[in-house]
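Single-structure report; data block below.
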There are 2 protein chains.
Amino acid sequence: MPYRSPVGDILFSLNAVADLPGMIRQGLAGDLDWDAVSAIVAEAGRFATEEIAPLNRPGDLAGARYENGLVTMPAGFADVYRGWAEAGWNGVSAPVEFGGMGLPHLVNVACTEIWNGASMAFALCPLLTEGAVHALQASGSRELLDRYLAPMISGRWTGTMNLTEPQAGSDLNAVRTRAERAGDGSYRLFGQKIFITYGEHDMVENIVHLVLARLPGAPAGTRGLTLFLTPKFLVNSDGSLGERNDLRCAGIEHKLGIHASPTCVMVYGDAEGAKAWRVGEENRGLAAMFVMMNAARLAVGTQGVAIGERAYQQALSYARERRQGRGMNGGDGMSPIIEHADVQRMLMTMKANVQAARGICCLTGVSLDLADHAHAAGERTAAANRAALLTPIAKAFSTDIGDEATSIGVQVHGGMGFIEETGAAQHMRDSRIAAIYEGANGIHGIDLVSRKLPLANGETVRDEIAGIRRVASDVAGRGGAGFGATAERLAEASDALDESTRLMLDWAAADPYSALAGASPYLRLFGLTLGGACLAKAGLAAEALAEGGDRGELGRVGLARFFAEKLAVAAPGLARAIASGCAPLQSYETILKDSA
Amino acid sequence: MPYRSPVGDILFSLNAVADLPGMIRQGLAGDLDWDAVSAIVAEAGRFATEEIAPLNRPGDLAGARYENGLVTMPAGFADVYRGWAEAGWNGVSAPVEFGGMGLPHLVNVACTEIWNGASMAFALCPLLTEGAVHALQASGSRELLDRYLAPMISGRWTGTMNLTEPQAGSDLNAVRTRAERAGDGSYRLFGQKIFITYGEHDMVENIVHLVLARLPGAPAGTRGLTLFLTPKFLVNSDGSLGERNDLRCAGIEHKLGIHASPTCVMVYGDAEGAKAWRVGEENRGLAAMFVMMNAARLAVGTQGVAIGERAYQQALSYARERRQGRGMNGGDGMSPIIEHADVQRMLMTMKANVQAARGICCLTGVSLDLADHAHAAGERTAAANRAALLTPIAKAFSTDIGDEATSIGVQVHGGMGFIEETGAAQHMRDSRIAAIYEGANGIHGIDLVSRKLPLANGETVRDEIAGIRRVASDVAGRGGAGFGATAERLAEASDALDESTRLMLDWAAADPYSALAGASPYLRLFGLTLGGACLAKAGLAAEALAEGGDRGELGRVGLARFFAEKLAVAAPGLARAIASGCAPLQSYETILKDSA
């Protein structure tokens, strides 16, 4: 069975986990109603399933091609991209003022998953454009907005994000690209950036680069970085395109996956310098860029969900068709392998993890909406803090899940999984970047324990844990027998998370090495516990539907149970690992020394 | 720093974990002494480091090439293979009578790791030949042995293993390749086999295929399979090569990894049938093949160790050179990323898991030796049972570790890890097959809980757990402070394993669905616990050396501690997952149903 966008599951998550209807009822979503949301998500799913998904495999095989500074996209990409942009999909969450749809972040999370499930390599292009739009919108001058925003939001032009240089990856202190003042209010850029996603391609007429660079005399480190906009083609005052700017793509990378997404080396200023305009204040470039990075982090988390879902669908389909051995249901001949217990375990692990991660991404999305629109200032602040707390979890947990699910997907296929034409291996290859870019996942662990746990003096995280405990109580109080030991396991996971959180808060000042040593396991623990709560909420909602006569969603109860009893049971062990602190790491030099 | 075979670590494992010196002292290793073992392993390491390892990356890029039935190996492979064979390395554990070195299985485990760490794609060729030699040796007629064994052991000819057909992968009941009696004691084969590793290549003059096929009137299922030998070129009675046999390679697969290893579609009998000779009795082919499959399973487990080690070395080297951010040691500029806690955690996870898996493979190897050579019959039986118990763990745990370590290796490299020229991604791609072939890992879980736990009425597994508990007591009794909470964590893991083992034994007859539902987590739990014991033994040995003045191995104490406190703490959670049995799986149809 070919891939289909998981519209039903996504809508269920928007509804039961993120409570979009509640937001609508409170009047926080403008004139949007649930029927409109359903229609939008369904139509996005239709477009993705029918138009984008078929590009995925040929795009992997052909790859983006580089020649003489130009990048040619695989056949079909440009046409589908244009059709997609013309349908207005590039502007889902963008402001209506500049031609966007102005829909909630939460609906954008849904759409982002849909595009990425169809083709990560395709969807990266608008993902970067969206980030650039966010950054521009937040810090750009009125003139820049008027000139660039509408064509970027319509998708007629695309955007990029230029941070990385060979010596400056996770650490942007080392950025060397320099900007010179041109005297007319504009700037000239000189330098080289690497890993620039869609830095060059042939799907649109112009590409708008946002570039971090250093002005003469700027302070060292990230405090001396300024954000600039520099377009591939200069833009006349009437919006028409002028001459080619002094910037070029010097090559693209040969990567493990997302072959159709050109990862470019960009060179600025071979001659007189790339003409550029400042976005935001001088030396405040990192702050201006962070606006876009946070949105991008959630989007990348959503990629993990998307690719995991795609791998799951393919594995499920294969497991229903492939016959080997005799399964749990017995029978005479060979059984479909889905009847084998271990294959069931693998498929349910994929599905449960993907849906847990989707729930976390949706909670992050709705928090962004409430941060913008909640009635009371206190609610907005709390929601902003919640979004900040959940963003690193949405990013890192979901992308780890993406890697795990795609690898299990290969395993379900057996030997065929290792053969490229099956397609399962492509998902694993494509997925692998998501845990690396937009901040390697380890950095999100650091962000979580160092900057996010202390928010509101720890109240944000305590509220989150209290919310998880409420879900566990709800399951204990009104959940049916199908939940098994979900309430108990979820309560145990909450205890583990609680205990580890206290340790982390204590360590933040007193023992940062221990906090950092436990950061990644802590993020995983948080994801497992919160993810379990998301699934349990969905299960409770399914039971409520069943009481009303619709028993079609009751599988969600069993999924929550599987997650709690088979996966969330890892929580106490993670807490144990965290509690041992930095002591096992401290003599790393001795432990890691070569033994030849 | 380029890759170097981990000779020191391997020798330490042979010594401290598998107690090869004890075997030598008891006179169970012929006239072999420890100095000879050290010299052999060191020389294997030198050859692999200098000759084989440089083939790995170019071999991945060029890949094996198919044209008109012939397979061309990447440049350099044939020359290095011939040099390797001429040095006698193909016959490490083969019988002296046919030109082998007759060394213990344990030394063979060491060498197998060494070849595979240098290049998995290269090492697969002798790995398959060795399997074929084992099967021939065990079941072949004197005439077959005399004609084929010596050139296969010398490496002048290579061997293959033909089980899989499109409809018969994990389930060999469905094998359809048929054999006809030729009337002169020989047979003719007709059929197609897939996934045949090194089924065709240009490194040697002849290739000897072992093929499972079905005789006319044979019973259905695996009880009707007979094993046949069929060579690419017929062999005259004087050992010279005769005419080309009626078999051919019809194509090779485009795979995720091990590109230099040709994975062939083999067609037998386009015309008069491939001339073949029976190996063992009619309809006893599976038993004859199993001899080779068990050896191959341990070898594949060793591949997991090997590729994990290679990825670890590369990640360690990168982490020492790459500078980003300020690490735990502070300083003014950017620190080598090894100074970041999370990078330490990643590197130590790789190293600890790899060494744990190596220990398990070594214990399996020494058990095979004791099964052959122990003085008392009871000891031999116990050792054979132990080897049988440990083989699925050695295979599946080690290859899972290989996948995890190579993926972490990519992560340590950050964005560079996703770029193919770095090489980290190749390790991940190459590694991925090992958890699939020689029985997908899920099948080893089934084997472990269904066939291995009941061995000797459960005494084999109880002895193993008792042995782990002794190590925990030893650490508690005489381990130094550097062990931290190793003894406690190891004891807890043993409790978890003990409890799960009792459940599994109870379930074997009463509730097989629950046993199978927990089989993979149980195998993991076993690997974690036993692996922790292996590291602890190595740590104790290192402390003993330090008492004698050699403090150079004390890092092993810290590695055992890291494993116990950070990784083996997962054991109770796994036991919890196992204990929930099949209930969370039973409604899989409802849970996995599509939601569109």
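Each chain in the structure tokens gets a letter, A, B and so on, in the order shown; residues start at 1 in every chain, and ligands are counted from 1 in the order they appear.
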Exercise. Could you tell me, as a ChimeraX atom specification, which residues of region 395-562 of chain B DSSP assigns to alpha helix (DSSP H) when given the backbone?
Key: /B:395-412,424-431,441-447,459-478,486-510,512-517,519-547,555-562
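All residues of protein, DNA or RNA that reach within 12 Å of Gly484 (chain B), judged by only C-alpha atoms and not counting those fewer than 6 positions away in the chain, are Ser580, Gly581, Cys582, Ala583, Pro584 and Leu585 of chain A; Val475, Ala476, Leu490, Ala536, Gly539, Val557, Gly558, Leu559, Ala560, Arg561, Phe562, Phe563, Ala564, Glu565 and Lys566 of chain B.
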Using only C-alpha atoms, find each residue of chain A with at least one atom at most 7 Å away from an atom of chain B; report its shortest atom-to-atom pair and that distance in Å (one decimal), sort the rows by chain and rising residue number, and return the result as a Markdown table.
```
| residue | atom | partner | partner_atom | distance |
| --- | --- | --- | --- | --- |
| A:Pro6 | CA | B:Ala596 | CA | 5.5 |
| A:Val7 | CA | B:Ala596 | CA | 5.5 |
| A:Gly8 | CA | B:Ala596 | CA | 4.5 |
| A:Asp9 | CA | B:Ser595 | CA | 6.0 |
| A:Ser170 | CA | B:Gln324 | CA | 6.6 |
| A:Asp171 | CA | B:Gly325 | CA | 5.3 |
| A:Glu253 | CA | B:Ile419 | CA | 6.6 |
| A:His254 | CA | B:Glu420 | CA | 5.9 |
| A:Lys255 | CA | B:Ile419 | CA | 4.5 |
| A:Leu256 | CA | B:Phe418 | CA | 5.5 |
| A:Gln324 | CA | B:Asp171 | CA | 5.3 |
| A:Gly325 | CA | B:Asp171 | CA | 5.3 |
| A:Met328 | CA | B:Tyr513 | CA | 6.8 |
| A:Ala341 | CA | B:Ala517 | CA | 5.1 |
| A:Asp342 | CA | B:Ala517 | CA | 5.8 |
| A:Gln344 | CA | B:Leu585 | CA | 6.7 |
| A:Arg345 | CA | B:Ala517 | CA | 6.8 |
| A:Gln411 | CA | B:Ile436 | CA | 6.6 |
| A:Gly414 | CA | B:Ile436 | CA | 5.7 |
| A:Gly415 | CA | B:Ile436 | CA | 6.2 |
| A:Phe418 | CA | B:Leu256 | CA | 5.5 |
| A:Ile419 | CA | B:Lys255 | CA | 4.5 |
| A:Glu420 | CA | B:Lys255 | CA | 5.2 |
| A:Ala425 | CA | B:Leu256 | CA | 6.4 |
| A:Ile433 | CA | B:Phe418 | CA | 6.4 |
| A:Ile436 | CA | B:Gly414 | CA | 5.7 |
| A:Tyr437 | CA | B:Gly415 | CA | 6.7 |
| A:Ala440 | CA | B:Gly414 | CA | 6.5 |
| A:Gly442 | CA | B:Asp342 | CA | 6.3 |
| A:Tyr513 | CA | B:Ala341 | CA | 6.8 |
| A:Leu516 | CA | B:Ala341 | CA | 5.8 |
| A:Ala517 | CA | B:Ala341 | CA | 5.1 |
| A:Gly555 | CA | B:Ile591 | CA | 4.0 |
| A:Arg556 | CA | B:Ile591 | CA | 6.4 |
| A:Gly558 | CA | B:Ile591 | CA | 6.1 |
| A:Leu559 | CA | B:Ile591 | CA | 6.0 |
| A:Arg561 | CA | B:Pro584 | CA | 6.4 |
| A:Phe562 | CA | B:Pro584 | CA | 5.1 |
| A:Glu565 | CA | B:Ala577 | CA | 5.9 |
| A:Lys566 | CA | B:Ala577 | CA | 4.5 |
| A:Val569 | CA | B:Gly573 | CA | 5.1 |
| A:Ala570 | CA | B:Gly573 | CA | 4.8 |
| A:Gly573 | CA | B:Ala570 | CA | 4.8 |
| A:Arg576 | CA | B:Val569 | CA | 6.5 |
| A:Ala577 | CA | B:Lys566 | CA | 4.5 |
| A:Ser580 | CA | B:Glu565 | CA | 6.5 |
| A:Pro584 | CA | B:Phe562 | CA | 5.1 |
| A:Leu585 | CA | B:Gln344 | CA | 6.7 |
| A:Tyr588 | CA | B:Gln344 | CA | 6.8 |
| A:Thr590 | CA | B:Gly555 | CA | 5.0 |
| A:Ile591 | CA | B:Gly555 | CA | 4.0 |
| A:Ser595 | CA | B:Gly8 | CA | 5.2 |
| A:Ala596 | CA | B:Gly8 | CA | 4.5 |
```
Next, write the just-selected residues to a file, as a short mmCIF file (atom, residue, chain, number, x, y, z; two decimals), in the first residue's frame, keeping N, CA and C atoms as the atom set.
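See selection_10.cif below for the written result:
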```cif
data_model
loop_
_atom_site.label_atom_id
_atom_site.label_comp_id
_atom_site.auth_asym_id
_atom_site.auth_seq_id
_atom_site.Cartn_x
_atom_site.Cartn_y
_atom_site.Cartn_z
N PRO A 6 -1.14 10.83 7.28
CA PRO A 6 -1.94 10.32 8.40
C PRO A 6 -2.90 11.37 8.93
N VAL A 7 -3.82 11.78 8.08
CA VAL A 7 -4.73 12.88 8.41
C VAL A 7 -5.56 12.59 9.66
N GLY A 8 -6.08 11.37 9.74
CA GLY A 8 -6.92 11.02 10.88
C GLY A 8 -6.16 11.10 12.19
N ASP A 9 -4.97 10.55 12.21
CA ASP A 9 -4.18 10.57 13.44
C ASP A 9 -3.78 11.99 13.82
N SER A 170 28.21 24.15 15.92
CA SER A 170 27.42 24.36 17.13
C SER A 170 27.83 25.66 17.82
N ASP A 171 29.07 26.04 17.63
CA ASP A 171 29.60 27.21 18.32
C ASP A 171 29.73 28.37 17.34
N GLU A 253 26.94 19.04 -1.12
CA GLU A 253 27.53 17.92 -0.40
C GLU A 253 26.96 16.59 -0.89
N HIS A 254 27.78 15.56 -0.79
CA HIS A 254 27.34 14.20 -1.05
C HIS A 254 26.96 13.59 0.31
N LYS A 255 25.67 13.45 0.52
CA LYS A 255 25.18 13.15 1.86
C LYS A 255 24.62 11.73 2.00
N LEU A 256 24.47 11.33 3.25
CA LEU A 256 23.87 10.03 3.56
C LEU A 256 22.42 9.96 3.08
N GLN A 324 5.95 -15.48 6.29
CA GLN A 324 7.07 -16.33 6.70
C GLN A 324 6.69 -16.96 8.03
N GLY A 325 6.92 -18.25 8.17
CA GLY A 325 6.71 -18.94 9.44
C GLY A 325 5.26 -18.96 9.89
N MET A 328 1.25 -16.20 15.69
CA MET A 328 0.51 -16.49 16.92
C MET A 328 -0.90 -17.00 16.64
N ALA A 341 4.83 -12.31 17.24
CA ALA A 341 4.84 -11.41 18.40
C ALA A 341 5.91 -10.32 18.27
N ASP A 342 7.11 -10.70 17.83
CA ASP A 342 8.18 -9.71 17.80
C ASP A 342 7.93 -8.66 16.73
N GLN A 344 4.91 -7.66 15.87
CA GLN A 344 3.90 -6.80 16.52
C GLN A 344 4.59 -5.80 17.45
N ARG A 345 5.54 -6.32 18.22
CA ARG A 345 6.28 -5.44 19.14
C ARG A 345 6.98 -4.32 18.37
N GLN A 411 14.34 -3.17 9.81
CA GLN A 411 14.39 -4.50 10.43
C GLN A 411 13.14 -5.32 10.09
N GLY A 414 13.37 -7.23 7.02
CA GLY A 414 14.39 -8.27 6.89
C GLY A 414 15.39 -7.91 5.80
N GLY A 415 15.89 -8.91 5.09
CA GLY A 415 16.89 -8.66 4.06
C GLY A 415 16.48 -7.61 3.04
N PHE A 418 17.47 -3.94 3.54
CA PHE A 418 18.83 -3.47 3.25
C PHE A 418 19.01 -3.18 1.76
N ILE A 419 18.02 -3.56 0.96
CA ILE A 419 18.08 -3.32 -0.49
C ILE A 419 17.45 -1.97 -0.77
N GLU A 420 18.18 -1.12 -1.46
CA GLU A 420 17.72 0.26 -1.61
C GLU A 420 16.38 0.38 -2.33
N ALA A 425 15.28 1.74 3.53
CA ALA A 425 16.60 2.27 3.88
C ALA A 425 16.67 3.78 3.64
N ILE A 433 19.62 12.97 9.54
CA ILE A 433 20.08 14.36 9.68
C ILE A 433 19.31 15.12 10.75
N ILE A 436 20.69 15.95 14.00
CA ILE A 436 21.95 16.69 13.93
C ILE A 436 21.72 18.17 13.67
N TYR A 437 20.93 18.49 12.63
CA TYR A 437 20.83 19.91 12.29
C TYR A 437 19.86 20.66 13.21
N ALA A 440 22.52 19.97 17.25
CA ALA A 440 22.61 18.53 17.51
C ALA A 440 21.83 18.22 18.80
N GLY A 442 22.24 16.67 21.46
CA GLY A 442 22.90 16.86 22.75
C GLY A 442 22.79 18.30 23.23
N TYR A 513 28.45 19.94 35.89
CA TYR A 513 28.96 18.78 35.16
C TYR A 513 27.97 17.63 35.28
N LEU A 516 24.96 18.34 33.12
CA LEU A 516 25.23 18.12 31.69
C LEU A 516 25.42 16.65 31.38
N ALA A 517 25.99 15.92 32.34
CA ALA A 517 26.19 14.49 32.12
C ALA A 517 24.85 13.77 31.95
N GLY A 555 -8.49 1.61 19.45
CA GLY A 555 -7.10 1.14 19.36
C GLY A 555 -6.14 2.07 20.10
N ARG A 556 -6.56 3.31 20.28
CA ARG A 556 -5.67 4.27 20.97
C ARG A 556 -5.48 3.93 22.44
N GLY A 558 -5.26 0.82 23.60
CA GLY A 558 -4.23 -0.22 23.58
C GLY A 558 -2.85 0.33 23.27
N LEU A 559 -2.80 1.35 22.43
CA LEU A 559 -1.51 1.96 22.10
C LEU A 559 -0.91 2.64 23.32
N ARG A 561 -1.52 1.84 26.35
CA ARG A 561 -1.10 0.78 27.26
C ARG A 561 0.24 0.19 26.83
N PHE A 562 0.37 -0.11 25.55
CA PHE A 562 1.63 -0.65 25.05
C PHE A 562 2.78 0.28 25.42
N GLU A 565 3.40 0.21 29.28
CA GLU A 565 3.88 -1.05 29.86
C GLU A 565 5.16 -1.56 29.22
N LYS A 566 5.41 -1.15 27.98
CA LYS A 566 6.58 -1.68 27.27
C LYS A 566 7.70 -0.66 27.09
N VAL A 569 8.33 2.14 30.84
CA VAL A 569 8.98 1.46 31.96
C VAL A 569 10.49 1.72 32.01
N ALA A 570 11.02 2.31 30.95
CA ALA A 570 12.45 2.67 30.97
C ALA A 570 12.71 3.88 31.86
N GLY A 573 14.91 3.64 35.14
CA GLY A 573 16.31 3.37 34.81
C GLY A 573 17.03 4.62 34.34
N ARG A 576 17.81 6.65 37.27
CA ARG A 576 18.95 6.04 37.95
C ARG A 576 20.25 6.48 37.29
N ALA A 577 20.26 6.45 35.96
CA ALA A 577 21.46 6.86 35.23
C ALA A 577 21.78 8.33 35.49
N SER A 580 23.41 9.14 38.94
CA SER A 580 24.82 8.84 39.18
C SER A 580 25.73 10.00 38.76
N PRO A 584 30.94 9.01 36.84
CA PRO A 584 31.44 8.02 35.87
C PRO A 584 32.10 8.64 34.64
N LEU A 585 31.94 9.95 34.45
CA LEU A 585 32.55 10.59 33.28
C LEU A 585 33.90 11.23 33.59
N TYR A 588 37.37 10.48 32.11
CA TYR A 588 37.20 10.08 30.72
C TYR A 588 38.53 9.96 29.98
N THR A 590 41.38 8.84 31.07
CA THR A 590 41.94 7.51 31.34
C THR A 590 41.11 6.43 30.64
N ILE A 591 39.80 6.60 30.74
CA ILE A 591 38.91 5.55 30.22
C ILE A 591 38.97 5.47 28.70
N SER A 595 44.21 1.84 23.52
CA SER A 595 44.86 0.61 23.97
C SER A 595 45.23 -0.15 22.73
N ALA A 596 46.44 -0.05 22.31
CA ALA A 596 46.82 -0.66 21.02
C ALA A 596 47.65 -1.92 21.26
#
```
Quiz item: Hey, what's within 7 Å of His259 (chain B) if we count only C-alpha atoms and toss same-chain stuff fewer than 6 positions away? As a ChimeraX atom specification, please?
Solution: /B:59-60,63-64,121
Quiz item: Which residue out of B:Thr49, B:Ser261, B:Thr302, B:Ser398 has the minimum interatomic distance to Pro74 (chain B) when only C-alpha atoms are used?
Solution: B:Ser261
Exercise. From a DSSP pass on the backbone, collect the residues of region 77-240 of chain A flagged as strand (DSSP E or B) and hand them back as a PyMOL selection string.
Key: chain A and resi 157-162+165+168+178-181+187-197+206-214+225-231+233-235
Give me the residues within 6 Å of Met266 (chain B) as a tab-separated table (two decimals) with N, CA, C and O atoms, in the first residue's frame, counting only C-alpha atoms and dropping any in the same chain fewer than 4 places off.
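Ended up saving to result_27.tsv:
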```tsv
chain	number	residue	atom	x	y	z
B	192	GLN	N	16.56	-20.82	-8.14
B	192	GLN	CA	17.14	-19.48	-7.96
B	192	GLN	C	17.31	-19.17	-6.48
B	192	GLN	O	16.41	-19.40	-5.68
B	193	LYS	N	18.47	-18.67	-6.13
B	193	LYS	CA	18.74	-18.25	-4.76
B	193	LYS	C	19.05	-16.76	-4.75
B	193	LYS	O	19.62	-16.23	-5.72
B	248	ARG	N	25.01	-19.54	-12.59
B	248	ARG	CA	25.49	-18.20	-12.93
B	248	ARG	C	24.92	-17.17	-11.97
B	248	ARG	O	23.90	-17.39	-11.32
B	249	CYS	N	25.61	-16.07	-11.92
B	249	CYS	CA	25.13	-14.92	-11.16
B	249	CYS	C	24.29	-14.07	-12.10
B	249	CYS	O	24.75	-13.66	-13.16
B	250	ALA	N	23.03	-13.82	-11.70
B	250	ALA	CA	22.12	-13.09	-12.58
B	250	ALA	C	22.03	-11.62	-12.24
B	250	ALA	O	21.30	-10.87	-12.88
```
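By only C-alpha atoms, and with residues fewer than 4 positions from region 309-312 of chain B along its chain excluded, the set lying at most 6 Å from it is Gly117, Leu316, Thr406 and Gly409 of chain B.
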Self-check item: Which of A:Ala388, A:Leu525, A:Leu28, A:Ile258 sits closest to Ser431 (chain A) [using only C-alpha atoms]
Solution: A:Ile258
